[in-house]
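Undergrad: Next up, work-v6.cif (mmCIF, C-alpha atoms).
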data_run
loop_
_atom_site.label_atom_id
_atom_site.label_comp_id
_atom_site.auth_asym_id
_atom_site.auth_seq_id
_atom_site.Cartn_x
_atom_site.Cartn_y
_atom_site.Cartn_z
CA MET D 85 -36.51 24.59 -263.99
CA ALA D 86 -38.59 25.35 -260.86
CA PHE D 87 -37.49 23.80 -257.58
CA THR D 88 -39.37 20.78 -256.25
CA LEU D 89 -40.75 19.81 -252.86
CA LYS D 90 -38.18 17.02 -252.75
CA GLN D 91 -35.38 19.55 -253.14
CA LEU D 92 -36.87 21.63 -250.35
CA ARG D 93 -37.04 18.60 -248.03
CA TYR D 94 -33.42 17.73 -248.79
CA PHE D 95 -32.33 21.34 -248.29
CA VAL D 96 -34.07 21.60 -244.89
CA ALA D 97 -32.54 18.27 -243.81
CA VAL D 98 -29.02 19.46 -244.71
CA ALA D 99 -29.61 22.78 -242.94
CA GLU D 100 -30.74 20.96 -239.79
CA THR D 101 -27.98 18.33 -239.70
CA GLY D 102 -25.13 20.43 -241.07
CA THR D 103 -23.81 17.61 -243.28
CA VAL D 104 -24.85 15.81 -246.45
CA SER D 105 -24.22 12.46 -244.77
CA GLY D 106 -26.43 13.39 -241.80
CA ALA D 107 -29.23 14.51 -244.11
CA ALA D 108 -28.93 11.36 -246.20
CA GLN D 109 -29.15 9.20 -243.09
CA ALA D 110 -32.18 11.11 -241.78
CA LEU D 111 -33.92 10.82 -245.15
CA ALA D 112 -32.81 7.22 -245.78
CA ILE D 113 -31.44 8.07 -249.21
CA SER D 114 -28.00 8.22 -250.84
CA GLN D 115 -25.59 11.11 -250.25
CA SER D 116 -25.28 11.62 -254.00
CA ALA D 117 -29.05 12.25 -254.25
CA VAL D 118 -28.81 14.93 -251.55
CA THR D 119 -25.74 16.54 -253.15
CA GLU D 120 -27.41 16.64 -256.57
CA ALA D 121 -30.64 18.11 -255.15
CA ILE D 122 -28.78 20.90 -253.33
CA ARG D 123 -26.68 21.67 -256.41
CA ASP D 124 -29.78 21.86 -258.64
CA LEU D 125 -31.60 24.02 -256.09
CA GLU D 126 -28.70 26.48 -255.86
CA SER D 127 -28.55 26.61 -259.66
CA ASP D 128 -32.28 27.28 -259.92
CA LEU D 129 -32.23 30.01 -257.25
CA GLY D 130 -28.99 31.54 -258.48
CA VAL D 131 -27.54 31.79 -254.97
CA GLN D 132 -25.15 29.78 -252.82
CA LEU D 133 -27.08 28.20 -249.97
CA PHE D 134 -24.14 26.62 -248.15
CA ASP D 135 -20.43 27.24 -247.58
CA ARG D 136 -18.54 23.96 -247.95
CA HIS D 137 -15.71 22.99 -245.58
CA PRO D 138 -14.03 19.69 -244.58
CA ARG D 139 -16.25 19.18 -241.51
CA GLY D 140 -19.53 19.75 -243.31
CA LEU D 141 -21.64 22.69 -244.47
CA ASP D 142 -22.45 26.12 -243.04
CA ILE D 143 -25.64 27.74 -244.23
CA THR D 144 -25.07 31.15 -245.83
CA HIS D 145 -27.02 34.32 -245.09
CA LYS D 146 -29.10 33.80 -248.25
CA GLY D 147 -29.55 30.16 -247.30
CA HIS D 148 -30.80 31.18 -243.85
CA GLN D 149 -33.35 33.50 -245.44
CA PHE D 150 -34.52 30.80 -247.84
CA LEU D 151 -34.75 28.23 -245.03
CA ARG D 152 -37.66 30.08 -243.45
CA HIS D 153 -39.55 30.10 -246.75
CA ALA D 154 -38.77 26.44 -247.43
CA SER D 155 -39.96 25.41 -243.98
CA SER D 156 -43.14 27.43 -244.44
CA ILE D 157 -43.84 25.80 -247.82
CA LEU D 158 -43.35 22.29 -246.43
CA ALA D 159 -45.54 23.10 -243.43
CA GLY D 160 -48.27 24.35 -245.77
CA VAL D 161 -48.15 21.11 -247.77
CA SER D 162 -48.39 19.10 -244.55
CA ASP D 163 -51.37 21.17 -243.43
CA ALA D 164 -53.08 20.65 -246.79
CA ARG D 165 -52.74 16.88 -246.42
CA HIS D 166 -54.04 17.10 -242.86
CA ALA D 167 -57.08 19.10 -244.00
CA LEU D 168 -57.99 16.38 -246.50
CA THR D 169 -57.70 13.53 -244.03
CA GLU D 170 -59.05 15.06 -240.81
CA ASP D 171 -62.67 15.99 -240.19
CA SER D 172 -62.01 19.22 -238.34
CA LYS D 173 -63.79 21.81 -240.48
CA ASP D 174 -66.88 21.59 -238.30
CA LEU D 175 -64.90 22.31 -235.14
CA LYS D 176 -66.26 25.49 -233.55
CA GLY D 177 -65.74 27.22 -230.24
CA LYS D 178 -63.02 28.97 -228.25
CA LEU D 179 -59.55 27.97 -227.10
CA ASN D 180 -57.62 29.81 -224.41
CA VAL D 181 -53.88 29.19 -224.69
CA GLY D 182 -51.06 30.23 -222.36
CA VAL D 183 -47.41 30.56 -223.32
CA THR D 184 -44.17 31.41 -221.56
CA SER D 185 -41.91 34.13 -222.97
CA LEU D 186 -39.14 31.94 -224.36
CA VAL D 187 -41.63 29.74 -226.19
CA ALA D 188 -43.84 32.46 -227.68
CA GLY D 189 -41.79 33.26 -230.77
CA TYR D 190 -39.95 29.99 -231.29
CA VAL D 191 -42.53 27.24 -230.80
CA LEU D 192 -46.06 28.61 -230.36
CA SER D 193 -46.16 30.65 -233.57
CA ASP D 194 -45.76 27.54 -235.76
CA ILE D 195 -48.31 25.54 -233.74
CA LEU D 196 -50.88 28.35 -233.79
CA SER D 197 -50.43 28.85 -237.52
CA ARG D 198 -51.06 25.17 -238.22
CA PHE D 199 -54.01 24.99 -235.82
CA ARG D 200 -55.75 28.06 -237.23
CA ARG D 201 -55.41 26.89 -240.82
CA ALA D 202 -56.88 23.50 -239.94
CA ASN D 203 -59.60 24.92 -237.65
CA PRO D 204 -60.64 28.33 -239.04
CA GLN D 205 -63.86 28.46 -237.02
CA VAL D 206 -62.13 28.14 -233.63
CA GLU D 207 -61.50 31.46 -231.88
CA VAL D 208 -58.06 31.33 -230.26
CA THR D 209 -56.94 33.65 -227.47
CA ALA D 210 -53.34 33.48 -226.26
CA VAL D 211 -51.76 35.03 -223.17
CA GLU D 212 -48.05 35.25 -222.36
CA ASP D 213 -46.91 35.13 -218.72
CA SER D 214 -44.57 33.40 -216.30
CA GLY D 215 -44.70 29.63 -215.87
CA ASP D 216 -45.94 29.92 -212.29
CA TYR D 217 -48.88 32.12 -213.28
CA LEU D 218 -49.82 29.94 -216.25
CA GLU D 219 -49.92 26.92 -213.93
CA HIS D 220 -52.27 28.89 -211.66
CA LEU D 221 -54.55 29.72 -214.61
CA LEU D 222 -54.56 26.11 -215.83
CA VAL D 223 -55.46 24.70 -212.42
CA GLY D 224 -58.20 27.34 -212.06
CA GLY D 225 -59.69 26.46 -215.45
CA GLU D 226 -58.99 29.88 -216.95
CA LEU D 227 -56.75 28.34 -219.61
CA ASP D 228 -57.47 25.25 -221.68
CA VAL D 229 -53.87 24.46 -222.50
CA ALA D 230 -50.42 26.05 -222.32
CA VAL D 231 -47.25 25.70 -224.36
CA MET D 232 -44.45 26.36 -221.94
CA VAL D 233 -41.06 25.48 -220.55
CA THR D 234 -41.83 22.45 -218.38
CA SER D 235 -38.36 21.94 -216.88
CA ASN D 236 -39.28 24.22 -213.96
CA MET D 237 -42.92 23.22 -213.41
CA ARG D 238 -44.14 23.35 -209.80
CA ASP D 239 -47.60 21.75 -209.74
CA ARG D 240 -47.03 18.45 -211.56
CA MET D 241 -49.66 16.62 -209.49
CA ALA D 242 -52.50 18.73 -210.92
CA LEU D 243 -51.25 19.11 -214.49
CA GLN D 244 -50.71 16.76 -217.42
CA THR D 245 -47.67 17.33 -219.64
CA GLU D 246 -46.65 16.15 -223.08
CA ILE D 247 -43.12 17.07 -224.17
CA ILE D 248 -42.87 18.42 -227.71
CA GLU D 249 -39.29 19.72 -227.75
CA THR D 250 -36.07 19.16 -225.81
CA SER D 251 -33.33 21.72 -226.29
CA PRO D 252 -29.78 21.49 -224.87
CA TYR D 253 -27.79 24.55 -223.89
CA GLN D 254 -25.30 25.98 -226.37
CA LEU D 255 -22.58 28.60 -226.14
CA TRP D 256 -23.10 31.68 -228.34
CA LEU D 257 -19.99 33.51 -229.54
CA PRO D 258 -19.26 36.46 -231.83
CA ASN D 259 -17.68 35.50 -235.13
CA GLY D 260 -13.89 35.47 -234.75
CA HIS D 261 -13.89 34.83 -230.99
CA LYS D 262 -10.92 32.74 -229.84
CA LEU D 263 -13.23 29.91 -228.71
CA THR D 264 -14.72 29.52 -232.20
CA THR D 265 -11.62 27.60 -233.25
CA ARG D 266 -12.75 24.72 -231.01
CA THR D 267 -15.52 22.27 -231.81
CA SER D 268 -16.32 21.99 -228.08
CA VAL D 269 -15.42 24.12 -225.08
CA SER D 270 -15.53 23.52 -221.32
CA ILE D 271 -17.26 25.52 -218.60
CA GLU D 272 -13.84 26.44 -217.22
CA ASP D 273 -13.07 28.29 -220.46
CA LEU D 274 -15.93 30.70 -219.72
CA THR D 275 -14.78 31.88 -216.28
CA ASP D 276 -13.27 35.19 -217.38
CA GLU D 277 -15.66 35.86 -220.27
CA PRO D 278 -18.32 38.62 -220.03
CA MET D 279 -21.77 36.98 -220.04
CA ILE D 280 -25.02 38.24 -221.53
CA MET D 281 -27.86 36.95 -219.33
CA LEU D 282 -31.41 36.32 -220.56
CA ARG D 283 -33.95 37.04 -217.84
CA ILE D 284 -36.98 35.03 -219.02
CA ASP D 285 -38.31 31.56 -218.17
CA GLU D 286 -35.75 31.29 -215.34
CA ILE D 287 -32.93 31.03 -217.90
CA GLU D 288 -30.70 33.37 -215.87
CA GLU D 289 -31.23 31.34 -212.70
CA ALA D 290 -30.49 28.10 -214.54
CA THR D 291 -27.34 29.58 -216.11
CA ARG D 292 -26.02 30.80 -212.76
CA LYS D 293 -26.67 27.41 -211.16
CA LEU D 294 -24.99 25.69 -214.07
CA LEU D 295 -21.84 27.78 -213.79
CA SER D 296 -21.69 27.62 -209.98
CA ALA D 297 -21.91 23.81 -210.14
CA PHE D 298 -18.59 23.91 -211.99
CA GLY D 299 -17.11 26.41 -209.53
CA ALA D 300 -17.38 29.32 -211.95
CA ARG D 301 -18.93 32.69 -211.12
CA PRO D 302 -20.33 34.47 -214.18
CA ARG D 303 -19.00 37.93 -215.01
CA VAL D 304 -22.30 39.47 -216.07
CA ALA D 305 -21.94 42.23 -218.67
CA PHE D 306 -25.62 42.71 -219.50
CA ARG D 307 -29.03 41.41 -218.38
CA THR D 308 -32.03 41.58 -220.71
CA ARG D 309 -35.47 40.06 -221.31
CA SER D 310 -35.01 40.16 -225.09
CA VAL D 311 -33.55 37.24 -227.05
CA GLU D 312 -32.90 39.58 -229.99
CA ALA D 313 -30.92 41.89 -227.68
CA VAL D 314 -28.81 38.92 -226.60
CA ARG D 315 -28.26 38.05 -230.25
CA SER D 316 -27.13 41.57 -231.15
CA LEU D 317 -24.93 41.98 -228.08
CA VAL D 318 -23.17 38.67 -228.66
CA ALA D 319 -22.75 39.31 -232.39
CA THR D 320 -21.08 42.68 -231.77
CA GLY D 321 -18.68 41.29 -229.17
CA ALA D 322 -20.25 42.63 -225.97
CA GLY D 323 -20.15 39.16 -224.39
CA ILE D 324 -21.03 35.50 -224.77
CA ALA D 325 -24.20 33.64 -223.78
CA LEU D 326 -25.42 30.20 -222.75
CA LEU D 327 -28.89 29.61 -224.17
CA PRO D 328 -31.11 26.74 -225.36
CA GLU D 329 -30.40 25.53 -228.87
CA MET D 330 -34.00 26.17 -230.01
CA VAL D 331 -33.54 29.97 -229.93
CA TYR D 332 -30.21 29.97 -231.78
CA ARG D 333 -30.05 31.74 -235.14
CA ARG D 334 -26.88 32.31 -237.15
CA TRP D 335 -27.50 36.02 -237.69
CA SER D 336 -28.48 39.02 -235.59
CA LEU D 337 -31.10 41.49 -236.84
CA GLU D 338 -28.22 43.69 -238.02
CA GLY D 339 -26.81 40.85 -240.14
CA ASP D 340 -23.83 40.04 -237.88
CA ARG D 341 -22.79 36.40 -237.55
CA ILE D 342 -23.22 34.39 -234.33
CA VAL D 343 -21.35 31.14 -233.83
CA SER D 344 -22.57 28.35 -231.55
CA ARG D 345 -20.48 25.69 -229.85
CA ASP D 346 -21.29 22.68 -227.71
CA VAL D 347 -20.14 22.83 -224.11
CA SER D 348 -18.52 19.72 -222.67
CA GLY D 349 -19.81 18.47 -219.35
CA SER D 350 -23.20 17.44 -218.01
CA LEU D 351 -25.49 20.33 -218.96
CA PRO D 352 -29.23 20.56 -218.34
CA VAL D 353 -31.77 20.77 -221.14
CA VAL D 354 -34.82 22.94 -221.59
CA GLN D 355 -38.02 20.98 -222.15
CA VAL D 356 -41.04 22.51 -223.85
CA GLY D 357 -44.42 20.84 -223.73
CA THR D 358 -48.16 21.20 -223.87
CA VAL D 359 -49.74 21.35 -220.41
CA TRP D 360 -53.37 20.93 -219.37
CA ARG D 361 -55.33 20.22 -216.22
CA LYS D 362 -55.74 16.70 -214.90
CA GLY D 363 -59.01 15.36 -213.57
CA ALA D 364 -61.20 15.86 -216.63
CA PRO D 365 -60.65 14.85 -220.26
CA PRO D 366 -59.66 17.81 -222.46
CA SER D 367 -62.25 19.12 -224.88
CA ARG D 368 -62.18 18.13 -228.54
CA ILE D 369 -60.71 21.53 -229.44
CA THR D 370 -57.98 21.16 -226.82
CA ARG D 371 -57.20 17.63 -228.03
CA GLU D 372 -56.91 18.94 -231.59
CA PHE D 373 -54.46 21.61 -230.40
CA ILE D 374 -52.38 19.03 -228.52
CA MET D 375 -52.27 16.85 -231.64
CA THR D 376 -51.15 19.86 -233.69
CA ALA D 377 -48.34 20.46 -231.19
CA GLN D 378 -47.27 16.84 -231.59
CA ALA D 379 -47.20 17.33 -235.36
CA HIS D 380 -44.84 20.27 -234.78
CA LYS D 381 -42.56 17.91 -232.86
CA ASN D 382 -42.66 15.27 -235.60
CA ASN D 383 -41.85 17.84 -238.30
CA LYS D 384 -38.81 19.18 -236.46
#
Would you mind writing the file out in structure tokens?
TA:
Amino acid sequence: MAFTLKQLRYFVAVAETGTVSGAAQALAISQSAVTEAIRDLESDLGVQLFDRHPRGLDITHKGHQFLRHASSILAGVSDARHALTEDSKDLKGKLNVGVTSLVAGYVLSDILSRFRRANPQVEVTAVEDSGDYLEHLLVGGELDVAVMVTSNMRDRMALQTEIIETSPYQLWLPNGHKLTTRTSVSIEDLTDEPMIMLRIDEIEEATRKLLSAFGARPRVAFRTRSVEAVRSLVATGAGIALLPEMVYRRWSLEGDRIVSRDVSGSLPVVQVGTVWRKGAPPSRITREFIMTAQAHKNNK
């Protein structure tokens, strides 16, 4: 028996919520329907997608690999429906998009993929740079729209923003670390831990401010501009990291496990949004891109 789109939707919901009950609530269906769908899907694929434990479910390595394919399939179905209901095939022209480093691989790629499939005759050019410089390009009219971290925006008077994702900070730990036995840890627990600092989108500055607000001075073990480097360093025990939830993945490129934990206390969040210049209505192409970004938010 081949798997169904319904099974894929249920699988993605369980992967996102971490529990059958959470997925059932999000889907407004019974827990038994979710359990049966996951069991049938695992049987059809011949692999175990989740490890079961009393607190919920942990996605397995094979499950993590399949999640990307399942999400892509569901996105393709959504795009197909959109193409049948929206009159966008005649949309022609150019779109200049800006993106900040943290957003490029975790948010923009999905939005661009959807936009290009729906608008094949629009030529899209994207540039990655710092938030400050993208704001400068937007105000100067050199960019039509940007997808960027908006938490640190400077020129809010000249720019219009629409939030598409809000991501709280999480603690990243190597598998087996002493803090993984806790469901939540405090900032004070991190005082003597070596920290891996990410140096993009002002994440390092925000992390230092966060720790200093609690009277803790970070013991920096490594500073890098690569999220994948942070992932590998944490997974191999070189240190821990505080990073937005949206960039968390359970596995490093080498296949080592990374565990995330919530941090108790009042922590900031990273906001990602579409940004465009005020003063003149955006073009039809820009509006279509903004709508596509909103669809990304609604499909999260």
Undergrad: If you take all atoms listed in the file and a cut-off of 10 Å, which residues of segment 305-380 of chain D touch segment 179-197 of chain D, and what are their nearest atom pairs and distances in Å to one decimal, in chain and number order, as JSON lines?
TA:
{"residue": "D:Arg309", "atom": "CA", "partner": "D:Ser185", "partner_atom": "CA", "distance": 8.9}
{"residue": "D:Ser310", "atom": "CA", "partner": "D:Leu186", "partner_atom": "CA", "distance": 9.2}
{"residue": "D:Val311", "atom": "CA", "partner": "D:Leu186", "partner_atom": "CA", "distance": 8.2}
{"residue": "D:Pro328", "atom": "CA", "partner": "D:Leu186", "partner_atom": "CA", "distance": 9.6}
{"residue": "D:Met330", "atom": "CA", "partner": "D:Tyr190", "partner_atom": "CA", "distance": 7.2}
{"residue": "D:Val331", "atom": "CA", "partner": "D:Tyr190", "partner_atom": "CA", "distance": 6.6}
{"residue": "D:Tyr332", "atom": "CA", "partner": "D:Tyr190", "partner_atom": "CA", "distance": 9.8}
{"residue": "D:Val356", "atom": "CA", "partner": "D:Val187", "partner_atom": "CA", "distance": 7.6}
{"residue": "D:Gly357", "atom": "CA", "partner": "D:Val187", "partner_atom": "CA", "distance": 9.6}
{"residue": "D:Thr358", "atom": "CA", "partner": "D:Val183", "partner_atom": "CA", "distance": 9.4}
{"residue": "D:Val359", "atom": "CA", "partner": "D:Gly182", "partner_atom": "CA", "distance": 9.2}
{"residue": "D:Trp360", "atom": "CA", "partner": "D:Val181", "partner_atom": "CA", "distance": 9.8}
{"residue": "D:Ser367", "atom": "CA", "partner": "D:Leu179", "partner_atom": "CA", "distance": 9.5}
{"residue": "D:Ile369", "atom": "CA", "partner": "D:Leu179", "partner_atom": "CA", "distance": 6.9}
{"residue": "D:Thr370", "atom": "CA", "partner": "D:Leu179", "partner_atom": "CA", "distance": 7.0}
{"residue": "D:Phe373", "atom": "CA", "partner": "D:Ile195", "partner_atom": "CA", "distance": 8.0}
{"residue": "D:Ile374", "atom": "CA", "partner": "D:Ile195", "partner_atom": "CA", "distance": 9.3}
{"residue": "D:Met375", "atom": "CA", "partner": "D:Ile195", "partner_atom": "CA", "distance": 9.8}
{"residue": "D:Thr376", "atom": "CA", "partner": "D:Ile195", "partner_atom": "CA", "distance": 6.4}
{"residue": "D:Ala377", "atom": "CA", "partner": "D:Ile195", "partner_atom": "CA", "distance": 5.7}
{"residue": "D:Gln378", "atom": "CA", "partner": "D:Ile195", "partner_atom": "CA", "distance": 9.0}
{"residue": "D:Ala379", "atom": "CA", "partner": "D:Ile195", "partner_atom": "CA", "distance": 8.4}
{"residue": "D:His380", "atom": "CA", "partner": "D:Ile195", "partner_atom": "CA", "distance": 6.4}
Undergrad: What gap, in Å, lies between atom CA of Ile271 of chain D and atom CA of Met237 of chain D?
TA: 26.3 Å
Undergrad: Tell me which residues come within 12 Å of (-49.0, 20.1, -209.3), as a list of chain:residue names, counting only C-alpha atoms in the file's coordinates.
TA: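 The requested residues, written out, are D:Asp216, D:Glu219, D:His220, D:Leu222, D:Val223, D:Thr234, D:Asn236, D:Met237, D:Arg238, D:Asp239, D:Arg240, D:Met241, D:Ala242, D:Leu243, D:Gln244, D:Thr245, D:Val359, D:Trp360, D:Arg361, D:Lys362, D:Gly363.
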Undergrad: Run the PyMOL selection byres ((chain D and resi 341-348) around 6) on the file and write out the hits as a VMD selection string.
TA: chain D and resid 254 to 259 268 to 270 319 334 to 335 340 349
Undergrad: With only C-alpha atoms as the counted atoms, please give the residues lying no more than 6 Å from Gln355 of chain D, apart from itself and same-chain residues fewer than 3 positions off, as a PyMOL selection string.
TA: chain D and resi 233-235+249-250
Undergrad: Please, could you write that set of residues out with C-alpha atoms as a compact mmCIF listing (two decimals), in the frame of the given file?
TA:
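Full text of result_16.txt as output:
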# COMPACT_ATOMS: atom_id res chain seq x y z
CA VAL D 233 -41.06 25.48 -220.55
CA THR D 234 -41.83 22.45 -218.38
CA SER D 235 -38.36 21.94 -216.88
CA GLU D 249 -39.29 19.72 -227.75
CA THR D 250 -36.07 19.16 -225.81
Undergrad: So the first atom is atom CA of Val131 of chain D and the second is atom CA of Leu151 of chain D; what is the distance between them in Å, to one decimal place?
TA: 12.8 Å
Undergrad: Just to confirm, what's the straight-line distance from atom CA of Arg200 of chain D to atom CA of Phe87 of chain D in Å (one decimal)?
TA: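 Straight-line distance from atom CA of Arg200 of chain D to atom CA of Phe87 of chain D works out to 27.7 Å.
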Undergrad: Show me the residues close to (-32.8, 38.3, -221.2) - anything with an atom within 12 Å, counting only C-alpha atoms - and format the list as a PDB file with C-alpha atoms, in the frame of the given file.
TA:
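Saved to out_7.pdb:
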ATOM      1  CA  SER D 185     -41.910  34.130-222.970  1.00  0.00           C
ATOM      2  CA  LEU D 186     -39.140  31.940-224.360  1.00  0.00           C
ATOM      3  CA  MET D 279     -21.770  36.980-220.040  1.00  0.00           C
ATOM      4  CA  ILE D 280     -25.020  38.240-221.530  1.00  0.00           C
ATOM      5  CA  MET D 281     -27.860  36.950-219.330  1.00  0.00           C
ATOM      6  CA  LEU D 282     -31.410  36.320-220.560  1.00  0.00           C
ATOM      7  CA  ARG D 283     -33.950  37.040-217.840  1.00  0.00           C
ATOM      8  CA  ILE D 284     -36.980  35.030-219.020  1.00  0.00           C
ATOM      9  CA  ASP D 285     -38.310  31.560-218.170  1.00  0.00           C
ATOM     10  CA  GLU D 286     -35.750  31.290-215.340  1.00  0.00           C
ATOM     11  CA  ILE D 287     -32.930  31.030-217.900  1.00  0.00           C
ATOM     12  CA  GLU D 288     -30.700  33.370-215.870  1.00  0.00           C
ATOM     13  CA  GLU D 289     -31.230  31.340-212.700  1.00  0.00           C
ATOM     14  CA  THR D 291     -27.340  29.580-216.110  1.00  0.00           C
ATOM     15  CA  VAL D 304     -22.300  39.470-216.070  1.00  0.00           C
ATOM     16  CA  ALA D 305     -21.940  42.230-218.670  1.00  0.00           C
ATOM     17  CA  PHE D 306     -25.620  42.710-219.500  1.00  0.00           C
ATOM     18  CA  ARG D 307     -29.030  41.410-218.380  1.00  0.00           C
ATOM     19  CA  THR D 308     -32.030  41.580-220.710  1.00  0.00           C
ATOM     20  CA  ARG D 309     -35.470  40.060-221.310  1.00  0.00           C
ATOM     21  CA  SER D 310     -35.010  40.160-225.090  1.00  0.00           C
ATOM     22  CA  VAL D 311     -33.550  37.240-227.050  1.00  0.00           C
ATOM     23  CA  GLU D 312     -32.900  39.580-229.990  1.00  0.00           C
ATOM     24  CA  ALA D 313     -30.920  41.890-227.680  1.00  0.00           C
ATOM     25  CA  VAL D 314     -28.810  38.920-226.600  1.00  0.00           C
ATOM     26  CA  ARG D 315     -28.260  38.050-230.250  1.00  0.00           C
ATOM     27  CA  SER D 316     -27.130  41.570-231.150  1.00  0.00           C
ATOM     28  CA  LEU D 317     -24.930  41.980-228.080  1.00  0.00           C
ATOM     29  CA  ALA D 325     -24.200  33.640-223.780  1.00  0.00           C
ATOM     30  CA  LEU D 326     -25.420  30.200-222.750  1.00  0.00           C
ATOM     31  CA  LEU D 327     -28.890  29.610-224.170  1.00  0.00           C
TER      32      LEU D 327
END
Undergrad: Taking all atoms of segment 96-114 of chain D that the file lists, what box with edges along x, y and z, padded by 3 Å per side, do you get, with centre and edge lengths in Å to one decimal, as JSON?
TA:
{"center_x": -28.9, "center_y": 15.0, "center_z": -245.3, "size_x": 16.3, "size_y": 21.6, "size_z": 17.1}
Undergrad: Compare D:Ser251, D:Arg198, D:Tyr94, D:His137 by their minimum atom-to-atom distance to Ser116 of chain D, counting only C-alpha atoms, and give me the closest one.
TA: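 Nearest to Ser116 of chain D: D:Tyr94.
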Undergrad: Excluding same-chain residues fewer than 5 positions from Leu92 of chain D, what lies within 12 Å of it counting only C-alpha atoms, as a list in words?
TA: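 With the cut-off at 12 Å, the set is Ala86, Phe87, Ala97, Val98, Ala99, Val118, Ala121, Ile122, Arg123, Asp124, Leu125, Glu126, Leu129, Leu133, Gly147, Phe150, Leu151, Arg152, His153, Ala154, Ser155, Ser156, Ile157, Leu158, Ala159 and Val161 of chain D.
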Undergrad: Enumerate, as a list in words, the residues matched when the PyMOL selection byres ((chain D and resi 207) around 8) is run on the file above.
TA: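 On the file shown, the PyMOL selection byres ((chain D and resi 207) around 8) covers Lys176, Gly177, Lys178, Leu179, Pro204, Gln205, Val206, Val208 and Thr209 of chain D.
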